[in-house]
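Peer 1: Here you go, one structure.
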Amino acid sequence: MSTTSKASQRIAALLDDNSFVEIGGLVTARATDFNLKPNETPSDGCITGYGVINGNLVYVYSQDASVLNGTIGEMHAKKITNLYDLAMKTGAPVIGLIESAGLRLQEATDALAAFGEIYLKQTMASGVIPQITAVFGTCGGGLGLFPTMTDFTFMEEKNAKLFVNAPNALDGNVITKCDSSSAKFQAEESGIVDVVADEATILEKVRELVSFLPANNEDDASFLEDCTDDLNRVNPEIAGCVGDTSVALSILADDNNFFEVKSGYAKNMVTGFLRLDGVTVGAVANRSEICDEEGKVAEKLDAVLTAEGCEKAAEFVNFCDAFGIPVLTLTNVKGYEATLASEKTIAKAAAKLTYAFANATVPKVNVVIGKALGTAYVVMNSKAIGADITMAWPDAQIGAMDGKLAAKIMYDGQGADVINEKAAEYEALTLNVTSAAKRGYVDQIVNAADTRKYVIGAFEMLFTKSEDRPAKKHGTV
């Protein structure tokens, strides 16, 4: 392997020192049409091999843009598909480092078949081994499907381009008007990208993510860590984090380490990984505030389910379930987003989230930290759709709807005094957590400061959980 190319430097930075072993280093293109000579394509523009991250086996391919712009042809693809075959046999993640001009035009249908063969391998590997893509340069056309068929996508903030149709090819658009291929657009508008950063940070973050994940869907030990943090740590400050649940999850986590994914997309829904007593847990949480580094509220959000938030969370829960990762939810939701635009997609998106939670057989713990109103609460991993343990903070509210709104409906036409009186009565009778606990919908009412120890205890109790679903090929939601 050349040690001077960008492709090889990225591999060296990603893996543990001196751990990379190249496979297929002598492969070159077979096609010779249009002056394409075999000796002009060292490694056929793709360095492939294996190594370790924190001692754990991973497979890596890194596209070399200095060789025919990193374009994908027959032999380029064979190297990647061979890597997938090895990864599936040994049960280890595949990491793709992308910088390519896309389809190799000189190879025509051979190149088209090459794309299809890689798509097939990605499909077969989905839910069996983790797949991670990092985009450093151009990733366009059919190559744009590579990251979207994998589990997690990282994107370099300045030079990376991800698109199916280039910005200038879109009707009514030019790149100066809207760069739809930029990392910012793909992270904040399309929701494809999990992390945006500079190249060095991306490689560090990929290493960190890999450390949270199992090697495959049957692995139950390699990603566990010894916990040096206090399992009974008391955190009174978490009570002030009902709005910004990203901060709340950081407080709960071992060593306060929470790895958030898709942080730029659907900001009213938080998804990411944390460890509790050394065990990786996937977290999904409603979010109504974004705090800055000083802890001050920088942005206010509505505590509702949006279509984008539901889809983001559903995909994340599906990943966790596929790889046996327990799921923790922090619920603070008062309903669904109510706009004409959202009405087109919210029902289907909420159905996907409901299905994801209900279908998941991993341990599921829900903590109601704020409002839990209406069917939006039911969707958020409630006991009714399969949560194993439901906890609530003492001042949380669980019920059909806000007391004032309920009173207005039940006592339509009555004066303000009556409405206010009945609203207070409704909240006292039906919205307090004690009422929900008396009916078995809440298992434990816990003080906010003690949340960590109770959640850890719940997941430890659920460690051996086994649950079956009706026999079927797959669901259709």
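Labels for the structure tokens follow display order: chains A, B, ..., residues from 1 in each chain, ligands from 1.
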Run DSSP on the backbone of this structure and report the residues of segment 251-416 of chain A it assigns to helix (DSSP H, G or I), as a short mmCIF file (atom, residue, chain, number, x, y, z; two decimals) with N, CA and C atoms, in the first residue's frame.
Peer 2:
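Written output follows (selection_18.cif):
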```cif
data_model
loop_
_atom_site.label_atom_id
_atom_site.label_comp_id
_atom_site.auth_asym_id
_atom_site.auth_seq_id
_atom_site.Cartn_x
_atom_site.Cartn_y
_atom_site.Cartn_z
N ILE A 251 -25.55 13.47 31.49
CA ILE A 251 -25.48 13.36 32.95
C ILE A 251 -25.68 11.91 33.39
N LEU A 252 -26.60 11.22 32.75
CA LEU A 252 -26.89 9.83 33.11
C LEU A 252 -25.76 8.88 32.76
N ASP A 254 -22.28 6.81 31.88
CA ASP A 254 -20.98 6.55 32.49
C ASP A 254 -20.01 7.62 32.03
N ASP A 255 -19.30 8.23 32.96
CA ASP A 255 -18.29 9.24 32.65
C ASP A 255 -18.84 10.40 31.82
N ASN A 256 -20.17 10.56 31.87
CA ASN A 256 -20.86 11.66 31.16
C ASN A 256 -20.60 11.66 29.66
N ALA A 307 -42.78 14.66 11.96
CA ALA A 307 -42.55 13.54 11.04
C ALA A 307 -41.06 13.20 10.97
N GLU A 308 -40.23 14.24 10.87
CA GLU A 308 -38.78 14.02 10.78
C GLU A 308 -38.25 13.37 12.05
N GLY A 309 -38.72 13.85 13.19
CA GLY A 309 -38.28 13.29 14.46
C GLY A 309 -38.68 11.84 14.62
N CYS A 310 -39.90 11.51 14.21
CA CYS A 310 -40.38 10.13 14.30
C CYS A 310 -39.55 9.20 13.43
N GLU A 311 -39.26 9.62 12.20
CA GLU A 311 -38.49 8.78 11.29
C GLU A 311 -37.06 8.60 11.78
N LYS A 312 -36.49 9.68 12.28
CA LYS A 312 -35.13 9.62 12.84
C LYS A 312 -35.07 8.61 13.98
N ALA A 313 -36.03 8.69 14.89
CA ALA A 313 -36.06 7.80 16.04
C ALA A 313 -36.35 6.37 15.64
N ALA A 314 -37.26 6.18 14.68
CA ALA A 314 -37.63 4.83 14.24
C ALA A 314 -36.44 4.10 13.64
N GLU A 315 -35.68 4.79 12.79
CA GLU A 315 -34.49 4.18 12.19
C GLU A 315 -33.49 3.78 13.27
N PHE A 316 -33.34 4.65 14.26
CA PHE A 316 -32.38 4.39 15.33
C PHE A 316 -32.81 3.19 16.17
N VAL A 317 -34.09 3.12 16.52
CA VAL A 317 -34.60 2.00 17.31
C VAL A 317 -34.45 0.69 16.53
N ASN A 318 -34.71 0.73 15.23
CA ASN A 318 -34.55 -0.46 14.40
C ASN A 318 -33.10 -0.95 14.42
N PHE A 319 -32.15 -0.02 14.36
CA PHE A 319 -30.74 -0.40 14.43
C PHE A 319 -30.45 -1.07 15.77
N CYS A 320 -30.88 -0.43 16.86
CA CYS A 320 -30.62 -0.98 18.19
C CYS A 320 -31.21 -2.37 18.33
N ASP A 321 -32.43 -2.56 17.85
CA ASP A 321 -33.08 -3.86 17.97
C ASP A 321 -32.33 -4.92 17.17
N ALA A 322 -31.87 -4.54 15.97
CA ALA A 322 -31.15 -5.50 15.12
C ALA A 322 -29.88 -5.99 15.78
N LEU A 340 -50.09 22.31 8.17
CA LEU A 340 -50.58 21.70 6.93
C LEU A 340 -49.50 20.85 6.28
N ALA A 341 -48.25 21.33 6.35
CA ALA A 341 -47.15 20.58 5.74
C ALA A 341 -46.90 19.26 6.46
N SER A 342 -46.92 19.31 7.80
CA SER A 342 -46.62 18.09 8.55
C SER A 342 -47.74 17.06 8.43
N GLU A 343 -48.96 17.55 8.21
CA GLU A 343 -50.10 16.63 8.14
C GLU A 343 -49.97 15.64 6.99
N ILE A 346 -47.12 13.07 8.93
CA ILE A 346 -46.99 12.77 10.35
C ILE A 346 -47.61 11.42 10.72
N ALA A 347 -48.74 11.07 10.14
CA ALA A 347 -49.40 9.82 10.52
C ALA A 347 -48.51 8.62 10.16
N LYS A 348 -47.97 8.62 8.97
CA LYS A 348 -47.12 7.51 8.53
C LYS A 348 -45.84 7.46 9.35
N ALA A 349 -45.26 8.62 9.62
CA ALA A 349 -44.01 8.66 10.39
C ALA A 349 -44.24 8.19 11.83
N ALA A 350 -45.33 8.65 12.44
CA ALA A 350 -45.64 8.22 13.80
C ALA A 350 -45.94 6.72 13.85
N ALA A 351 -46.56 6.21 12.78
CA ALA A 351 -46.81 4.77 12.70
C ALA A 351 -45.50 3.99 12.65
N LYS A 352 -44.52 4.52 11.93
CA LYS A 352 -43.21 3.86 11.85
C LYS A 352 -42.53 3.81 13.21
N LEU A 353 -42.65 4.91 13.97
CA LEU A 353 -42.04 4.95 15.29
C LEU A 353 -42.76 4.00 16.24
N THR A 354 -44.08 4.00 16.18
CA THR A 354 -44.87 3.08 17.00
C THR A 354 -44.45 1.64 16.70
N TYR A 355 -44.37 1.32 15.44
CA TYR A 355 -44.00 -0.03 15.01
C TYR A 355 -42.59 -0.38 15.49
N ALA A 356 -41.66 0.56 15.37
CA ALA A 356 -40.28 0.29 15.76
C ALA A 356 -40.19 -0.06 17.25
N PHE A 357 -40.86 0.72 18.09
CA PHE A 357 -40.84 0.45 19.53
C PHE A 357 -41.57 -0.87 19.85
N ALA A 358 -42.74 -1.04 19.26
CA ALA A 358 -43.55 -2.23 19.57
C ALA A 358 -42.88 -3.50 19.05
N ASN A 359 -42.20 -3.40 17.95
CA ASN A 359 -41.58 -4.56 17.31
C ASN A 359 -40.24 -4.95 17.95
N GLY A 374 -51.67 12.48 25.49
CA GLY A 374 -52.31 11.96 24.29
C GLY A 374 -51.59 10.76 23.69
N THR A 375 -51.95 10.46 22.44
CA THR A 375 -51.36 9.30 21.79
C THR A 375 -49.90 9.52 21.41
N ALA A 376 -49.45 10.78 21.41
CA ALA A 376 -48.02 11.03 21.19
C ALA A 376 -47.21 10.37 22.30
N TYR A 377 -47.75 10.39 23.53
CA TYR A 377 -47.11 9.70 24.65
C TYR A 377 -47.12 8.19 24.42
N VAL A 378 -48.22 7.66 23.93
CA VAL A 378 -48.32 6.22 23.68
C VAL A 378 -47.25 5.79 22.69
N VAL A 379 -47.03 6.60 21.66
CA VAL A 379 -46.04 6.31 20.62
C VAL A 379 -44.63 6.25 21.19
N LYS A 383 -45.74 1.86 28.07
CA LYS A 383 -45.96 0.49 28.53
C LYS A 383 -46.96 -0.23 27.63
N ALA A 384 -47.93 0.52 27.12
CA ALA A 384 -48.97 -0.08 26.29
C ALA A 384 -48.43 -0.72 25.01
N ILE A 385 -47.31 -0.18 24.47
CA ILE A 385 -46.76 -0.76 23.24
C ILE A 385 -45.48 -1.56 23.52
N GLY A 403 -54.93 19.94 30.80
CA GLY A 403 -56.14 20.14 31.59
C GLY A 403 -57.03 21.26 31.08
N LYS A 404 -56.45 22.38 30.69
CA LYS A 404 -57.23 23.53 30.21
C LYS A 404 -57.99 23.16 28.94
N LEU A 405 -57.30 22.46 28.03
CA LEU A 405 -57.93 22.07 26.77
C LEU A 405 -59.05 21.06 27.03
N ALA A 406 -58.81 20.13 27.94
CA ALA A 406 -59.84 19.13 28.26
C ALA A 406 -61.07 19.79 28.86
N ALA A 407 -60.85 20.76 29.74
CA ALA A 407 -61.97 21.46 30.37
C ALA A 407 -62.78 22.24 29.35
N LYS A 408 -62.09 22.85 28.40
CA LYS A 408 -62.80 23.61 27.36
C LYS A 408 -63.70 22.70 26.52
N ILE A 409 -63.24 21.48 26.29
CA ILE A 409 -64.04 20.54 25.49
C ILE A 409 -65.20 20.00 26.31
N MET A 410 -64.94 19.61 27.56
CA MET A 410 -65.98 18.99 28.40
C MET A 410 -67.01 20.00 28.89
N ALA A 416 -65.14 31.40 32.21
CA ALA A 416 -63.72 31.18 32.47
C ALA A 416 -63.46 30.59 33.85
#
```
Peer 1: Quick one: everything within 12 Å of Glu427 of chain A, counting only C-alpha atoms, minus sequence neighbours fewer than 5 positions away in the same chain. Send it as a ChimeraX atom specification.
Peer 2: /A:371,373,395-407,420-422,432-436
Peer 1: Can you build me a table of segment 302-385 of chain A residues sitting at most 8 Å from segment 452-469 of chain A, with the closest atom pair per residue and its distance in Å to one decimal, using only C-alpha atoms, sorted by chain and residue number, as a Markdown table?
Peer 2:
```
| residue | atom | partner | partner_atom | distance |
| --- | --- | --- | --- | --- |
| A:Pro326 | CA | A:Phe459 | CA | 7.7 |
| A:Asn359 | CA | A:Arg469 | CA | 7.8 |
| A:Thr361 | CA | A:Glu467 | CA | 5.8 |
| A:Val362 | CA | A:Lys465 | CA | 7.3 |
| A:Pro363 | CA | A:Leu462 | CA | 5.9 |
| A:Val365 | CA | A:Ala458 | CA | 7.4 |
```
Peer 1: Got a sec: who's within 7 Å of Ile98 of chain A, counting only C-alpha atoms, leaving out chain neighbours fewer than 4 positions off, as an mmCIF file with N, CA and C atoms, in the first residue's frame?
Peer 2:
```cif
data_model
loop_
_atom_site.group_PDB
_atom_site.id
_atom_site.type_symbol
_atom_site.label_atom_id
_atom_site.label_comp_id
_atom_site.auth_asym_id
_atom_site.auth_seq_id
_atom_site.Cartn_x
_atom_site.Cartn_y
_atom_site.Cartn_z
ATOM 1 N N SER A 62 -10.943 2.199 1.289
ATOM 2 C CA SER A 62 -10.690 3.636 1.169
ATOM 3 C C SER A 62 -10.432 3.961 -0.297
ATOM 4 N N GLN A 63 -11.290 4.796 -0.868
ATOM 5 C CA GLN A 63 -11.174 5.115 -2.293
ATOM 6 C C GLN A 63 -10.062 6.123 -2.540
ATOM 7 N N ALA A 134 -17.790 7.124 5.754
ATOM 8 C CA ALA A 134 -17.287 8.490 5.955
ATOM 9 C C ALA A 134 -16.985 9.080 4.586
ATOM 10 N N VAL A 135 -17.592 10.237 4.288
ATOM 11 C CA VAL A 135 -17.434 10.875 2.980
ATOM 12 C C VAL A 135 -16.448 12.030 3.106
ATOM 13 N N PHE A 136 -15.371 11.960 2.309
ATOM 14 C CA PHE A 136 -14.330 12.994 2.376
ATOM 15 C C PHE A 136 -14.257 13.841 1.115
ATOM 16 N N GLY A 137 -14.765 13.314 0.022
ATOM 17 C CA GLY A 137 -14.738 14.045 -1.243
ATOM 18 C C GLY A 137 -16.094 13.926 -1.913
ATOM 19 N N CYS A 139 -19.269 12.168 -3.546
ATOM 20 C CA CYS A 139 -20.038 10.926 -3.422
ATOM 21 C C CYS A 139 -21.363 11.192 -4.112
#
```
Peer 1: Given only C-alpha atoms, how would the per-residue table for segment 250-281 of chain A near segment 213-227 of chain A read, listing every residue at most 12 Å away with its closest atom pair and distance in Å to one decimal, sorted by chain and number, as a Markdown table?
Peer 2:
```
| residue | atom | partner | partner_atom | distance |
| --- | --- | --- | --- | --- |
| A:Ala253 | CA | A:Cys227 | CA | 10.5 |
| A:Asp254 | CA | A:Cys227 | CA | 7.0 |
| A:Asp255 | CA | A:Cys227 | CA | 8.7 |
| A:Asn256 | CA | A:Cys227 | CA | 11.9 |
| A:Phe259 | CA | A:Leu213 | CA | 11.4 |
| A:Gly272 | CA | A:Leu213 | CA | 11.5 |
| A:Phe273 | CA | A:Leu213 | CA | 9.0 |
| A:Leu274 | CA | A:Leu213 | CA | 10.6 |
| A:Arg275 | CA | A:Glu225 | CA | 8.5 |
| A:Leu276 | CA | A:Cys227 | CA | 8.0 |
| A:Asp277 | CA | A:Cys227 | CA | 5.2 |
| A:Gly278 | CA | A:Glu225 | CA | 4.6 |
| A:Val279 | CA | A:Leu224 | CA | 5.4 |
| A:Thr280 | CA | A:Leu224 | CA | 7.0 |
| A:Val281 | CA | A:Leu213 | CA | 9.7 |
```
Peer 1: Hey, what's within 9 Å of Pro236 of chain A if we count only C-alpha atoms and toss same-chain stuff fewer than 4 positions away? As a ChimeraX atom specification, please?
Peer 2: /A:240,447-450
Peer 1: Output the selection as a PDB file, in the first residue's frame - C-alpha atoms for each residue.
Peer 2:
```pdb
ATOM      1  CA  GLY A 240     -33.292  21.168  35.164  1.00  0.00           C
ATOM      2  CA  ASN A 447     -36.731  11.415  42.099  1.00  0.00           C
ATOM      3  CA  ALA A 448     -34.947  12.984  39.150  1.00  0.00           C
ATOM      4  CA  ALA A 449     -31.616  12.975  40.975  1.00  0.00           C
ATOM      5  CA  ASP A 450     -31.774   9.179  41.403  1.00  0.00           C
TER       6      ASP A 450
END
```
Peer 1: Quick one: distance from atom CA of Glu157 of chain A to atom CA of Ala200 of chain A in Å, one decimal?
Peer 2: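 Interatomic distance, atom CA of Glu157 of chain A to atom CA of Ala200 of chain A: 11.1 Å.
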Peer 1: Quick one: residues within 8 Å of segment 12-15 of chain A, only C-alpha atoms counted, chain neighbours fewer than 3 positions away excluded, as a ChimeraX atom specification?
Peer 2: /A:8-9,18-20,51-53,200,203-204,206-207
Peer 1: How would the residues just chosen look if you wrote them out with C-alpha atoms as a PDB file, in the first residue's frame?
Peer 2:
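Output saved as out-v1.pdb:
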```
ATOM      1  CA  SER A   8      -3.900   5.254   2.800  1.00  0.00           C
ATOM      2  CA  GLN A   9      -3.333   8.115   5.242  1.00  0.00           C
ATOM      3  CA  ASN A  18       0.491  -0.607  12.455  1.00  0.00           C
ATOM      4  CA  SER A  19      -2.567  -2.850  12.465  1.00  0.00           C
ATOM      5  CA  PHE A  20      -3.672  -2.535   8.831  1.00  0.00           C
ATOM      6  CA  GLY A  51      -7.143  -3.924  11.007  1.00  0.00           C
ATOM      7  CA  VAL A  52      -8.266  -3.175  14.521  1.00  0.00           C
ATOM      8  CA  ILE A  53      -9.863  -0.287  16.420  1.00  0.00           C
ATOM      9  CA  ALA A 200      -9.224  14.345  11.691  1.00  0.00           C
ATOM     10  CA  LEU A 203     -11.774   9.615  11.972  1.00  0.00           C
ATOM     11  CA  GLU A 204     -11.639  10.020  15.767  1.00  0.00           C
ATOM     12  CA  VAL A 206     -15.664   6.823  13.820  1.00  0.00           C
ATOM     13  CA  ARG A 207     -13.272   5.129  16.239  1.00  0.00           C
TER      14      ARG A 207
END
```
